[in-house]
Each structure stands twice: as C-alpha cells, then as structure tokens.
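J.: File name upload_10.txt; file contents compact mmCIF, C-alpha atoms; full text below.
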# COMPACT_ATOMS: atom_id res chain seq x y z
CA MET S 1 0.00 0.00 0.00
CA SER S 2 1.23 3.44 -0.73
CA PRO S 3 2.38 5.45 2.29
CA LEU S 4 0.06 8.21 1.05
CA GLY S 5 -2.94 5.96 1.56
CA PRO S 6 -5.13 4.38 -1.11
CA GLY S 7 -7.19 7.49 -2.00
CA LEU S 8 -4.25 9.81 -2.46
CA ALA S 9 -2.27 7.21 -4.37
CA ASP S 10 -5.15 6.80 -6.83
CA ARG S 11 -5.36 10.53 -7.34
CA ALA S 12 -1.62 10.82 -7.82
CA ARG S 13 -1.75 8.07 -10.44
CA GLU S 14 -4.72 9.70 -12.12
CA THR S 15 -2.94 13.05 -12.20
CA ALA S 16 0.12 11.37 -13.68
CA VAL S 17 -2.10 10.06 -16.46
CA ARG S 18 -3.96 13.33 -17.01
CA LEU S 19 -1.06 15.74 -16.90
CA PRO S 20 0.45 14.73 -20.26
CA ARG S 21 -3.02 14.94 -21.82
CA LEU S 22 -3.54 18.40 -20.39
CA LEU S 23 -0.15 19.51 -21.62
CA THR S 24 -0.87 18.05 -25.05
CA ALA S 25 -4.20 19.87 -25.16
CA GLY S 26 -2.48 23.11 -24.13
CA VAL S 27 0.18 22.72 -26.81
CA LEU S 28 -2.50 21.99 -29.43
CA VAL S 29 -4.43 25.15 -28.40
CA VAL S 30 -1.27 27.25 -28.68
CA LEU S 31 -0.43 25.69 -32.07
CA THR S 32 -3.98 26.37 -33.31
CA VAL S 33 -3.78 30.02 -32.26
CA LEU S 34 -0.36 30.38 -33.88
CA ALA S 35 -1.62 28.75 -37.09
CA GLY S 36 -4.64 31.07 -37.16
CA SER S 37 -2.42 34.06 -36.56
CA TRP S 38 -0.10 32.98 -39.40
CA LEU S 39 -3.02 32.42 -41.79
CA ASP S 40 -4.40 35.83 -40.84
CA ARG S 41 -1.05 37.41 -41.65
CA VAL S 42 -0.78 35.55 -44.96
CA ASN S 43 -4.28 36.52 -46.08
CA GLY S 44 -4.16 40.00 -44.62
CA PRO S 45 -6.62 41.07 -41.95
CA GLY S 46 -10.16 40.86 -43.23
CA ASN S 47 -9.11 39.65 -46.65
CA GLY S 48 -11.77 41.69 -48.36
CA ASP S 49 -14.31 38.89 -48.73
CA ASP S 50 -17.05 41.35 -47.88
CA ARG S 51 -15.74 44.39 -49.72
CA PRO S 52 -18.12 46.28 -51.99
CA PHE S 53 -18.36 45.49 -55.70
CA VAL S 54 -16.87 48.58 -57.32
CA VAL S 55 -18.13 49.45 -60.82
CA THR S 56 -15.97 52.09 -62.45
CA GLY S 57 -16.87 54.72 -65.01
CA ARG S 58 -16.00 58.14 -66.37
CA THR S 59 -17.69 61.50 -66.17
CA GLY S 60 -20.75 61.49 -68.41
CA GLU S 61 -21.14 57.70 -68.47
CA THR S 62 -24.02 55.87 -66.80
CA VAL S 63 -22.75 53.40 -64.20
CA ASP S 64 -24.73 50.48 -62.79
CA ALA S 65 -24.83 50.67 -58.97
CA ARG S 66 -27.25 47.70 -58.61
CA LYS S 67 -30.35 49.52 -57.35
CA LEU S 68 -29.45 52.75 -59.13
CA ASP S 69 -28.05 53.96 -62.41
CA VAL S 70 -25.77 56.88 -61.65
CA ALA S 71 -23.95 59.38 -63.82
CA VAL S 72 -21.54 62.13 -62.86
CA LEU S 73 -22.18 65.18 -65.02
CA GLY S 74 -19.49 67.60 -63.84
CA MET S 75 -18.03 69.55 -60.98
CA ARG S 76 -17.44 73.12 -59.85
CA GLY S 77 -16.19 74.86 -56.74
CA GLY S 78 -16.11 78.01 -54.68
CA ALA S 79 -15.21 79.58 -51.36
CA VAL S 80 -18.75 80.24 -50.13
CA ILE S 81 -21.99 78.33 -50.55
CA THR S 82 -25.57 79.24 -49.73
CA SER S 83 -27.35 76.81 -47.44
CA TYR S 84 -30.69 77.40 -45.74
CA HIS S 85 -30.57 80.98 -47.14
CA LYS S 86 -27.25 81.75 -45.41
CA PRO S 87 -23.71 81.99 -46.80
CA VAL S 88 -21.41 79.30 -45.41
CA ASP S 89 -17.64 79.70 -45.75
CA THR S 90 -14.81 77.21 -45.28
CA ALA S 91 -11.12 77.07 -44.44
CA GLY S 92 -10.83 74.79 -47.47
CA VAL S 93 -12.91 74.97 -50.62
CA TRP S 94 -16.39 73.71 -51.52
CA LEU S 95 -16.36 71.13 -54.29
CA LEU S 96 -19.73 70.41 -55.90
CA VAL S 97 -20.29 67.27 -57.97
CA ARG S 98 -23.33 67.24 -60.25
CA ILE S 99 -24.95 63.81 -60.57
CA ARG S 100 -27.96 62.09 -62.09
CA VAL S 101 -29.53 59.18 -60.24
CA THR S 102 -32.12 56.81 -61.69
CA PRO S 103 -33.65 54.07 -59.53
CA ARG S 104 -33.71 50.80 -61.47
CA SER S 105 -36.53 48.59 -60.20
CA GLU S 106 -37.80 50.13 -56.98
CA SER S 107 -38.18 53.65 -55.69
CA GLY S 108 -35.18 55.10 -53.87
CA GLY S 109 -32.26 57.46 -54.14
CA LEU S 110 -28.61 58.00 -53.38
CA GLY S 111 -27.65 56.89 -49.86
CA TRP S 112 -23.92 57.48 -49.69
CA ALA S 113 -21.12 59.31 -51.47
CA ARG S 114 -17.41 59.80 -50.87
CA LEU S 115 -14.70 61.68 -52.71
CA THR S 116 -11.07 60.52 -52.91
CA ASP S 117 -8.28 62.88 -53.92
CA GLY S 118 -4.91 62.25 -55.53
CA ARG S 119 -3.25 61.75 -52.13
CA GLY S 120 -5.71 59.04 -51.14
CA ARG S 121 -7.58 61.24 -48.70
CA ARG S 122 -11.24 60.27 -48.41
CA PHE S 123 -13.88 62.94 -47.84
CA ASN S 124 -17.39 62.11 -46.72
CA LEU S 125 -20.21 64.43 -47.74
CA THR S 126 -20.08 67.55 -45.60
CA GLY S 127 -22.66 67.88 -42.87
CA ARG S 128 -22.23 71.66 -42.77
CA VAL S 129 -24.68 72.41 -45.57
CA ASP S 130 -27.92 71.08 -46.96
CA GLN S 131 -27.50 67.93 -49.07
CA PRO S 132 -30.86 67.51 -50.83
CA MET S 133 -29.59 64.72 -53.10
CA THR S 134 -29.18 62.37 -50.12
CA VAL S 135 -32.81 62.74 -49.04
CA THR S 136 -34.51 62.90 -52.43
CA THR S 137 -36.00 59.70 -53.79
CA SER S 138 -37.52 58.90 -57.14
CA GLN S 139 -39.48 56.17 -58.89
CA PRO S 140 -38.00 53.46 -61.13
CA GLY S 141 -36.87 54.90 -64.42
CA LEU S 142 -37.38 58.53 -63.37
CA PRO S 143 -34.03 60.34 -63.08
CA ILE S 144 -33.26 63.03 -60.54
CA GLU S 145 -30.41 65.50 -60.91
CA GLY S 146 -28.63 67.59 -58.35
CA GLU S 147 -25.33 68.40 -56.68
CA LEU S 148 -23.35 66.83 -53.84
CA VAL S 149 -21.22 69.08 -51.64
CA PHE S 150 -17.76 68.15 -50.38
CA GLU S 151 -15.52 70.30 -48.20
CA VAL S 152 -11.91 69.70 -49.25
CA PRO S 153 -8.57 71.34 -48.41
CA ARG S 154 -7.09 73.95 -50.72
CA ASP S 155 -4.19 71.66 -51.59
CA VAL S 156 -6.54 69.14 -53.18
CA MET S 157 -5.42 68.28 -56.69
CA GLY S 158 -4.54 65.47 -59.05
CA PRO S 159 -6.83 62.65 -60.09
CA ILE S 160 -9.97 62.62 -57.99
CA SER S 161 -12.90 60.25 -58.00
CA VAL S 162 -16.30 60.04 -56.42
CA GLN S 163 -17.97 56.89 -55.11
CA LEU S 164 -21.76 56.62 -55.07
CA ALA S 165 -23.96 53.91 -53.56
CA PHE S 166 -27.51 53.11 -52.54
CA PRO S 167 -26.93 51.89 -48.93
CA PRO S 168 -26.46 54.89 -46.62
CA ILE S 169 -24.38 53.15 -43.93
CA ASP S 170 -22.81 49.84 -44.89
CA GLN S 171 -21.69 49.41 -48.49
CA ARG S 172 -20.00 46.03 -47.98
CA MET S 173 -21.21 43.29 -50.31
CA ASP S 174 -23.12 45.87 -52.34
CA ALA S 175 -22.40 47.76 -55.53
CA VAL S 176 -20.50 51.05 -55.42
CA ALA S 177 -20.12 53.18 -58.52
CA GLU S 178 -16.70 54.85 -58.77
CA VAL S 179 -16.43 57.66 -61.26
CA GLU S 180 -13.28 59.52 -62.24
CA LEU S 181 -13.60 63.30 -62.27
CA PRO S 182 -11.60 65.64 -64.50
CA GLU S 183 -8.10 66.08 -63.03
CA LEU S 184 -7.86 69.05 -60.68
CA THR S 185 -5.04 71.55 -61.04
CA ALA S 186 -3.76 74.09 -58.53
CA ALA S 187 -4.94 76.86 -60.87
CA THR S 188 -8.50 75.52 -60.89
CA VAL S 189 -8.61 75.32 -57.09
CA ALA S 190 -7.08 78.81 -56.78
CA GLY S 191 -9.84 80.08 -59.06
CA TRP S 192 -12.47 78.46 -56.86
CA VAL S 193 -10.95 79.96 -53.70
CA ALA S 194 -11.11 83.38 -55.36
CA THR S 195 -14.80 82.87 -56.17
CA THR S 196 -16.44 84.59 -53.23
CA ALA S 197 -19.90 84.90 -54.81
CA PRO S 198 -21.90 82.24 -52.91
CA LEU S 199 -22.60 79.07 -54.86
CA THR S 200 -26.20 77.93 -54.98
CA LEU S 201 -26.96 74.23 -55.35
CA ALA S 202 -28.41 73.48 -58.75
CA GLY S 203 -32.11 72.66 -58.76
CA THR S 204 -32.73 73.65 -55.14
CA PRO S 205 -34.44 76.72 -53.73
CA SER S 206 -31.83 77.28 -50.98
CA MET A 1 -6.19 -0.04 -8.87
CA SER A 2 -9.43 1.81 -9.20
CA THR A 3 -10.67 2.53 -12.70
CA ARG A 4 -13.55 4.64 -11.33
CA GLY A 5 -15.86 3.51 -14.07
CA ARG A 6 -13.42 4.35 -16.84
CA THR A 7 -13.85 2.34 -20.03
CA PRO A 8 -10.78 0.24 -20.78
CA PRO A 9 -8.61 1.98 -23.40
CA SER A 10 -8.78 -0.99 -25.75
CA ARG A 11 -12.52 -0.50 -26.19
CA ALA A 12 -12.81 3.25 -25.98
CA GLY A 13 -9.80 4.07 -28.08
CA SER A 14 -10.31 1.66 -30.95
CA ASP A 15 -14.06 1.84 -31.45
CA PRO A 16 -15.08 5.24 -32.78
CA VAL A 17 -18.76 4.46 -32.28
CA ALA A 18 -18.19 3.75 -28.61
CA ARG A 19 -16.18 6.93 -28.30
CA LEU A 20 -18.94 8.97 -29.96
CA GLY A 21 -21.40 7.39 -27.55
CA LYS A 22 -19.29 8.52 -24.64
CA ILE A 23 -19.21 12.05 -25.96
CA VAL A 24 -22.97 12.04 -26.43
CA ALA A 25 -23.39 10.62 -22.95
CA GLY A 26 -21.42 13.56 -21.72
CA ARG A 27 -18.54 11.84 -19.96
CA THR A 28 -15.88 13.53 -22.05
CA LEU A 29 -17.62 16.85 -21.61
CA THR A 30 -17.86 16.23 -17.88
CA ARG A 31 -14.12 15.60 -17.75
CA LEU A 32 -13.50 18.71 -19.81
CA PHE A 33 -15.53 20.84 -17.44
CA ARG A 34 -13.77 19.22 -14.48
CA THR A 35 -10.36 20.15 -15.85
CA ALA A 36 -11.37 23.59 -17.17
CA PRO A 37 -10.78 25.46 -13.86
CA ALA A 38 -7.30 23.95 -13.60
CA VAL A 39 -6.45 24.91 -17.18
CA SER A 40 -7.88 28.41 -16.70
CA GLY A 41 -5.90 28.74 -13.49
CA LEU A 42 -2.72 27.78 -15.29
CA VAL A 43 -3.38 30.30 -18.08
CA VAL A 44 -4.21 33.14 -15.67
CA GLY A 45 -1.23 32.26 -13.49
CA PHE A 46 1.04 32.32 -16.52
CA GLY A 47 -0.37 35.71 -17.53
CA VAL A 48 0.21 37.13 -14.06
CA LEU A 49 3.76 35.77 -14.00
CA VAL A 50 4.48 37.45 -17.33
CA CYS A 51 2.79 40.76 -16.42
CA LEU A 52 4.30 41.22 -12.97
CA PRO A 53 7.98 41.58 -13.90
CA THR A 54 7.19 43.56 -17.06
CA GLY A 55 5.16 46.16 -15.15
CA GLY A 56 1.82 45.18 -16.66
CA PHE A 57 -0.02 45.99 -13.45
CA ASP A 58 1.80 49.21 -12.68
CA LYS A 59 -0.35 52.31 -12.73
CA VAL A 60 0.99 54.97 -15.06
CA ARG A 61 2.15 57.85 -12.92
CA ASP A 62 0.57 61.19 -13.59
CA ASP A 63 3.99 62.75 -14.12
CA GLU A 64 4.67 60.32 -16.99
CA ILE A 65 1.95 61.86 -19.15
CA PRO A 66 3.55 64.43 -21.51
CA VAL A 67 2.73 68.02 -20.59
CA VAL A 68 1.87 70.44 -23.39
CA ALA A 69 1.69 74.23 -23.12
CA LEU A 70 -1.37 76.25 -24.04
CA GLY A 71 -1.25 77.10 -27.75
CA ASP A 72 1.39 74.50 -28.62
CA PRO A 73 0.32 72.05 -31.33
CA PHE A 74 0.82 68.36 -30.65
CA ASP A 75 0.15 65.09 -32.45
CA ALA A 76 -2.91 63.25 -31.14
CA GLY A 77 -2.89 60.36 -33.59
CA PHE A 78 -5.53 61.13 -36.17
CA MET A 79 -5.21 64.90 -35.71
CA THR A 80 -2.96 67.69 -34.52
CA VAL A 81 -4.38 69.67 -31.63
CA SER A 82 -3.54 73.05 -30.17
CA VAL A 83 -5.58 73.87 -27.08
CA THR A 84 -5.99 77.63 -26.80
CA ALA A 85 -8.38 78.14 -23.88
CA VAL A 86 -10.90 76.70 -21.44
CA ARG A 87 -14.05 78.81 -21.21
CA LEU A 88 -17.42 79.01 -19.54
CA LEU A 89 -19.86 79.69 -22.38
CA PRO A 90 -23.20 81.46 -22.55
CA ASP A 91 -26.27 79.47 -23.55
CA ALA A 92 -26.53 78.90 -27.29
CA ASP A 93 -29.17 77.56 -29.63
CA VAL A 94 -27.03 74.58 -30.53
CA LEU A 95 -26.39 73.51 -26.91
CA PHE A 96 -29.20 71.50 -25.36
CA HIS A 97 -29.42 71.19 -21.55
CA THR A 98 -30.28 67.89 -19.96
CA HIS A 99 -30.84 69.91 -16.74
CA PRO A 100 -32.20 73.46 -17.16
CA GLY A 101 -29.85 76.08 -15.73
CA ASP A 102 -26.69 74.01 -16.19
CA ARG A 103 -23.45 75.74 -17.14
CA TRP A 104 -21.42 75.05 -20.29
CA ILE A 105 -17.65 74.68 -20.09
CA ALA A 106 -15.61 74.29 -23.25
CA VAL A 107 -12.09 73.41 -24.31
CA VAL A 108 -11.25 75.61 -27.29
CA ALA A 109 -8.76 74.06 -29.69
CA GLU A 110 -7.38 74.42 -33.21
CA ILE A 111 -7.68 71.01 -34.81
CA GLU A 112 -6.49 69.62 -38.13
CA VAL A 113 -7.25 66.07 -39.18
CA THR A 114 -4.00 64.48 -40.33
CA ASP A 115 -5.53 61.07 -40.99
CA ASP A 116 -6.60 60.34 -44.56
CA ARG A 117 -10.32 60.28 -43.90
CA THR A 118 -13.15 62.32 -42.45
CA LEU A 119 -13.24 62.42 -38.65
CA ASN A 120 -16.70 62.30 -37.13
CA GLU A 121 -17.89 64.14 -34.05
CA LEU A 122 -18.00 61.05 -31.82
CA SER A 123 -14.39 60.10 -32.50
CA LEU A 124 -13.32 63.70 -31.92
CA LYS A 125 -15.17 63.99 -28.60
CA SER A 126 -13.85 60.67 -27.34
CA ALA A 127 -10.30 62.07 -27.39
CA PHE A 128 -10.91 64.89 -24.88
CA ARG A 129 -11.23 64.86 -21.08
CA LEU A 130 -11.56 67.69 -18.56
CA THR A 131 -10.37 66.96 -15.02
CA GLY A 132 -10.35 69.07 -11.90
CA VAL A 133 -13.82 70.40 -12.66
CA GLN A 134 -16.59 69.27 -10.33
CA GLY A 135 -20.16 68.60 -11.34
CA LEU A 136 -19.67 67.58 -14.97
CA ARG A 137 -22.88 65.81 -15.91
CA GLY A 138 -21.17 63.12 -17.91
CA ASN A 139 -24.28 62.16 -19.82
CA VAL A 140 -21.97 59.79 -21.67
CA LYS A 141 -19.09 58.27 -19.74
CA ASP A 142 -15.77 56.74 -20.72
CA SER A 143 -16.27 52.98 -20.62
CA LEU A 144 -12.81 52.41 -19.12
CA THR A 145 -12.37 55.24 -16.63
CA GLY A 146 -15.94 56.42 -15.98
CA GLU A 147 -14.89 60.00 -16.76
CA ALA A 148 -17.36 62.43 -18.34
CA LEU A 149 -17.18 62.52 -22.13
CA PRO A 150 -17.96 65.85 -23.81
CA ASP A 151 -21.63 66.59 -24.42
CA ALA A 152 -21.19 68.58 -27.64
CA ALA A 153 -18.70 69.88 -30.19
CA VAL A 154 -19.20 73.27 -31.81
CA LEU A 155 -17.47 74.74 -34.85
CA ALA A 156 -16.25 78.27 -34.04
CA ARG A 157 -16.54 79.33 -37.69
CA ASP A 158 -20.33 79.25 -37.76
CA SER A 159 -21.28 78.37 -34.15
CA GLN A 160 -23.03 75.25 -35.40
CA ASN A 161 -22.83 71.73 -34.03
CA LEU A 162 -19.83 69.99 -35.49
CA ILE A 163 -20.72 66.88 -37.43
CA SER A 164 -17.37 66.02 -38.93
CA LEU A 165 -13.94 67.45 -39.73
CA GLN A 166 -12.36 66.91 -43.13
CA PRO A 167 -8.69 65.94 -43.62
CA GLY A 168 -6.41 68.91 -44.13
CA VAL A 169 -9.06 71.52 -43.30
CA PRO A 170 -8.03 73.17 -39.98
CA GLU A 171 -10.81 74.45 -37.74
CA ARG A 172 -11.27 76.11 -34.37
CA VAL A 173 -13.53 73.91 -32.30
CA GLY A 174 -15.21 74.07 -28.89
CA ILE A 175 -15.45 70.75 -27.05
CA VAL A 176 -18.26 71.28 -24.57
CA TRP A 177 -19.32 69.72 -21.24
CA GLU A 178 -22.50 70.39 -19.26
CA GLN A 179 -21.86 71.33 -15.60
CA ASP A 180 -24.13 71.27 -12.57
CA PRO A 181 -24.58 74.92 -11.41
CA ALA A 182 -24.42 73.75 -7.79
CA ALA A 183 -20.77 72.80 -8.34
CA PRO A 184 -18.15 75.49 -7.60
CA LEU A 185 -17.10 77.72 -10.47
CA PRO A 186 -13.87 76.26 -11.82
CA ARG A 187 -10.83 78.56 -11.76
CA THR A 188 -8.48 76.12 -13.45
CA ALA A 189 -8.89 72.83 -15.25
CA GLN A 190 -6.70 70.08 -16.63
CA VAL A 191 -7.24 69.17 -20.26
CA GLU A 192 -6.29 65.66 -21.31
CA VAL A 193 -6.14 64.46 -24.89
CA TYR A 194 -5.96 60.81 -25.83
CA HIS A 195 -3.74 59.66 -28.65
CA PHE A 196 -5.73 57.42 -30.95
CA THR A 197 -4.30 55.13 -33.58
CA GLU A 198 -5.91 53.34 -36.47
CA GLY A 199 -6.47 49.62 -36.21
CA VAL A 200 -7.86 47.08 -38.62
CA ASN A 201 -10.67 44.78 -37.60
CA THR A 202 -9.20 41.33 -38.21
CA ILE A 203 -12.63 39.86 -38.89
CA GLY A 204 -14.30 42.42 -41.13
CA GLY A 205 -11.16 44.12 -42.40
CA ASP A 206 -12.60 47.58 -41.80
CA SER A 207 -10.40 50.10 -40.05
CA HIS A 208 -11.32 51.92 -36.88
CA TYR A 209 -9.73 54.11 -34.23
CA TRP A 210 -8.61 52.70 -30.94
CA ARG A 211 -6.58 54.03 -28.09
CA PRO A 212 -3.61 51.95 -27.06
CA GLY A 213 -3.93 52.55 -23.32
CA ALA A 214 -6.12 53.88 -20.55
CA ASP A 215 -3.95 56.97 -20.17
CA PRO A 216 -3.97 60.26 -22.06
CA GLY A 217 -1.29 60.97 -24.64
CA ALA A 218 -0.92 64.58 -23.48
CA LYS A 219 -2.20 66.91 -20.79
CA LEU A 220 -2.40 70.62 -20.12
CA PRO A 221 -2.48 71.14 -16.35
CA ASP A 222 -3.82 74.23 -14.60
CA VAL A 223 -5.39 75.93 -17.60
CA PRO A 224 -7.14 79.11 -16.37
CA VAL A 225 -10.90 79.01 -16.97
CA GLN A 226 -12.17 82.17 -18.69
CA ASP A 227 -15.71 83.22 -17.84
CA ARG A 228 -17.35 84.25 -21.15
CA ARG A 229 -20.97 83.70 -20.06
CA LYS A 230 -21.81 87.37 -20.60
CA GLY A 231 -20.06 87.64 -23.94
Do you think you could lay out the structure here as structure tokens?
T.:
Amino acid sequence: MSPLGPGLADRARETAVRLPRLLTAGVLVVLTVLAGSWLDRVNGPGNGDDRPFVVTGRTGETVDARKLDVAVLGMRGGAVITSYHKPVDTAGVWLLVRIRVTPRSESGGLGWARLTDGRGRRFNLTGRVDQPMTVTTSQPGLPIEGELVFEVPRDVMGPISVQLAFPPIDQRMDAVAEVELPELTAATVAGWVATTAPLTLAGTPS
Amino acid sequence: MSTRGRTPPSRAGSDPVARLGKIVAGRTLTRLFRTAPAVSGLVVGFGVLVCLPTGGFDKVRDDEIPVVALGDPFDAGFMTVSVTAVRLLPDADVLFHTHPGDRWIAVVAEIEVTDDRTLNELSLKSAFRLTGVQGLRGNVKDSLTGEALPDAAVLARDSQNLISLQPGVPERVGIVWEQDPAAPLPRTAQVEVYHFTEGVNTIGGDSHYWRPGADPGAKLPDVPVQDRRKG
C-alpha cells in the first residue's frame, strides 16, 4: 500500500495520467492560435471577402450601382456656398459634384457618397450644408439630378474620384459606382478659392 | 487499482462508435468541465507571471503623461491639436441642456485632421477629457475610466454643431461639457487628450480608431478658466 494511503495514491496516479493529456491539449491550443495568426497574416486582416463590388466609369457615363443607375455630369467649386438661405464659408474649398440618379426597379435614391483625392484622402459628404440629393427619392426609371457638396482642403489636386452607392451606412457586399472626375489643377482650385460669390446648389431653392 | 468507471482503453480508443457514444453521454464533456478550472488557473497564473515583472499591473504615474503648453500644437494620432483656452460659455441655440440652468464649459482648440479620412464628431469627442472640474454631468461616460465625455462639439466658424472634420481643413472647435450649477465655479482645469491610432478589424477588415492605453497621450495642467458667459 502506498504510504500516502489508497485514495491519495489513486489521485496521484490519475494526475500522472492526465497531466500529459492536459499539456498536449495546451500545446494543441497554442499551435492552433499560432496557425490562425499565421493564416491571418498571410491573407491579410479581413481579406476583403465582404468588400463592396466597385463598378468604375467616367464622367458622363451611366454606371450600374445595382439599385441605381448613376452618372456624374461635372463639378465646380467656390469659397462660399448658400445653405438654408445663409452663406457658409470654409477654411478649405467647396467642391460640388453634379450627378444624375435613376432608380432601377424600386423607388429610392442616393444613400452614400465619398470623394477621394490624388493623395488618397477620403472625404465624406459635408454635414455643414444642406444635401438635398441624399434625401430625395424617385421612382423606377425617373431620373433626378442635383449636386453633392464636399468640403476639401485647398491643396486638393490630381486625379480625384467620387464613389456613389444606394446603402447609406454599410456598403460592404453591395455595388459602389466609382467615377473619375476631370483632373484638378492648382490653378483651378485657386480660381475656386477666389470665387467669393456664394454658390447655390443646382435645382434647389436654398 | 481503481478505474472509477473508466472504459478500458482498448474498447474506448479503438471503437469510434463507442467513443462517440461517450461524448454524447457527456462523460468527455464532464471531464473537460472538471479540468477547465485547472487549465484556466494555469493560463491566468502564466499571464500574471508574465505581467508582474514587465510592469503590466503598474499604474501609469501622472507625471509620466507628456505636458503640453497652451497654444502649442501636438500630435494626437488622427489629428494635430492646439488647445488655446478653457471657457465658460453662454447658452446657445445649438447647446441643449439635460438639466435646465446648467453651465457650459468648453475646451477651445485648433484642430487639423492628419488622418486620410473624415473624422466624425463622436471620435473627436472621445479624445478629450476635462479633469479638476466638479459637477460635470457626464451624460456619456468613458467605458474604461468612468470620466465624463464631452456633451457637444461646436465649430467656431459658424457656431453650429460639429458633425465632422475633413482631412487637411483646420478648424477652431469648442469641445463642450455640461456642468451642474451647484458645483463650484472652476478657476483652473486640466485638459487631457488621448492619442488614438488606427487599427484594422481582423474579422471584417474595416479600419477603426482605438486608443492603445487607458492613459492620455498629453495633458495641459492648470489651464485658467475664462468666464465668457456674458459675452
């Protein structure tokens, strides 16, 4: 009989059997985590499986954005814009993008837009002024036209593009239209900054 | 030797059907649950052993937080900030009381977004703290420290609620807290600004801001509070 007594001896034996299993399980857990971490690094975090489907186009072309047909018609800019009957200035410059949106099979309108400049900076629609195009809906086949307003820095230049989509919040796994705009030059932006006459959004009574 | 009801290895190990039956009967699960506390204990113990010598449990001393002077710009991760004043403000149309008669106290700062994307109001407000001021309502509190988060952000340019700041477009901004009027009038305050960095969600792949620690990246101690309630 073990000097530890029968009960304790049994437990000691049992522990001796279990300990290697526990250690093996622990090692397997660590190896699994390491393998997952390595796979994550190889694939890149969030490997883009749920990224939006980007459909590209040029100014003037109609681009299919799944629930909408969209077309970018042009752009202009200025230092002051009228919103809710008041002039609104900026430390940057107002950049207005004129678009046409046509719902395809159900009523709706533009939910989201973002502008990207030549340095890769991404500008959401400004919340400082009225944005009637984001709240206006239409019926299938009936186009609506208007302007989107972006507030951008005065050093914005180079190739710029605008992205347009139907979902207002989450564009993953949905279509996003990406349209190239005419390349911006420093002279164009300087001209806009010098334009102090307030811009009025096309097609709106503001 | 006691087998305590254990199935002999020759039967359990070689017959997959018998093994599946044991799992369904719950014996393997029972063993797993029995050993789970020991495994957890080992893991936690290992963590503590690693953290202790490396200072993981040490509280960051207040004097280790970088001090910035009023008006000096500093890098706060997604933006550069230059705090210019702390002020008591008059009532304004864009500031909504949760308790009528409350005071408004604001950190005034020049801010430029240096990140490559639009910064929204919530992310901006989450970077600022005001300490040494009693009676802040703290309608929204920091989830880690319980400190009062700002109640509003106002753009100085047009005195409107700030919704977002665009990259490369510098603005003067008021970060505003609501204060109980029963609290003493603050003479000085300490402004703390957290340094946020961009992280990528490893599941969805979308990027977001996070702060690496529970301590501010910079502080401005003893900023005089200007009383501008009567213009």
J.: Interatomic distance between CA of Gly146 in chain A and CA of Gly217 in chain A?
T.: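 We find that CA of Gly146 in chain A and CA of Gly217 in chain A lie 17.6 Å from each other.
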J.: Using all atoms listed in the file, determine which residues of chain S fall within 8 Å of chain A; present them as a ChimeraX atom specification.
T.: /S:10,22,40,45-48,50,88,91-92,120-124,126-128,151-153
J.: At a cut-off of 9 Å around the point (2.4, 69.8, -22.6) (file coordinates), what residues fall inside when counting all atoms listed in the file? I'd like the answer as a PDB file with C-alpha atoms, keeping the file's coordinate frame.
T.:
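Written file, result.pdb:
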ATOM      1  CA  ILE A  65       1.950  61.860 -19.150  1.00  0.00           C
ATOM      2  CA  PRO A  66       3.550  64.430 -21.510  1.00  0.00           C
ATOM      3  CA  VAL A  67       2.730  68.020 -20.590  1.00  0.00           C
ATOM      4  CA  VAL A  68       1.870  70.440 -23.390  1.00  0.00           C
ATOM      5  CA  ALA A  69       1.690  74.230 -23.120  1.00  0.00           C
ATOM      6  CA  LEU A  70      -1.370  76.250 -24.040  1.00  0.00           C
ATOM      7  CA  ASP A  72       1.390  74.500 -28.620  1.00  0.00           C
ATOM      8  CA  PHE A  74       0.820  68.360 -30.650  1.00  0.00           C
ATOM      9  CA  ALA A 218      -0.920  64.580 -23.480  1.00  0.00           C
ATOM     10  CA  LYS A 219      -2.200  66.910 -20.790  1.00  0.00           C
ATOM     11  CA  LEU A 220      -2.400  70.620 -20.120  1.00  0.00           C
ATOM     12  CA  PRO A 221      -2.480  71.140 -16.350  1.00  0.00           C
TER      13      PRO A 221
END
J.: Pick out the residues sitting within 9 Å of Thr188 in chain A, and hand them over as a list of chain:residue names; count only C-alpha atoms, and ignore anything fewer than 6 positions along from it in its own chain.
T.: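 Within the cut-off, the hits are A:Val86, A:Gly132, A:Val133, A:Pro221, A:Asp222, A:Val223, A:Pro224, A:Val225, A:Gln226.
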J.: Can you list, as a short mmCIF file (atom, residue, chain, number, x, y, z; two decimals) with C-alpha atoms, in the coordinates of the input, every protein, DNA or RNA residue that comes within 7 Å of range 177-186 of chain A when you count only C-alpha atoms, leaving out same-chain residues fewer than 3 positions away?
T.:
data_model
loop_
_atom_site.label_atom_id
_atom_site.label_comp_id
_atom_site.auth_asym_id
_atom_site.auth_seq_id
_atom_site.Cartn_x
_atom_site.Cartn_y
_atom_site.Cartn_z
CA GLY A 101 -29.85 76.08 -15.73
CA ASP A 102 -26.69 74.01 -16.19
CA ARG A 103 -23.45 75.74 -17.14
CA TRP A 104 -21.42 75.05 -20.29
CA ILE A 105 -17.65 74.68 -20.09
CA ALA A 106 -15.61 74.29 -23.25
CA VAL A 133 -13.82 70.40 -12.66
CA GLN A 134 -16.59 69.27 -10.33
CA GLY A 135 -20.16 68.60 -11.34
CA LEU A 136 -19.67 67.58 -14.97
CA ARG A 137 -22.88 65.81 -15.91
CA PRO A 150 -17.96 65.85 -23.81
CA ASP A 151 -21.63 66.59 -24.42
CA ALA A 152 -21.19 68.58 -27.64
CA ALA A 189 -8.89 72.83 -15.25
CA VAL A 225 -10.90 79.01 -16.97
#
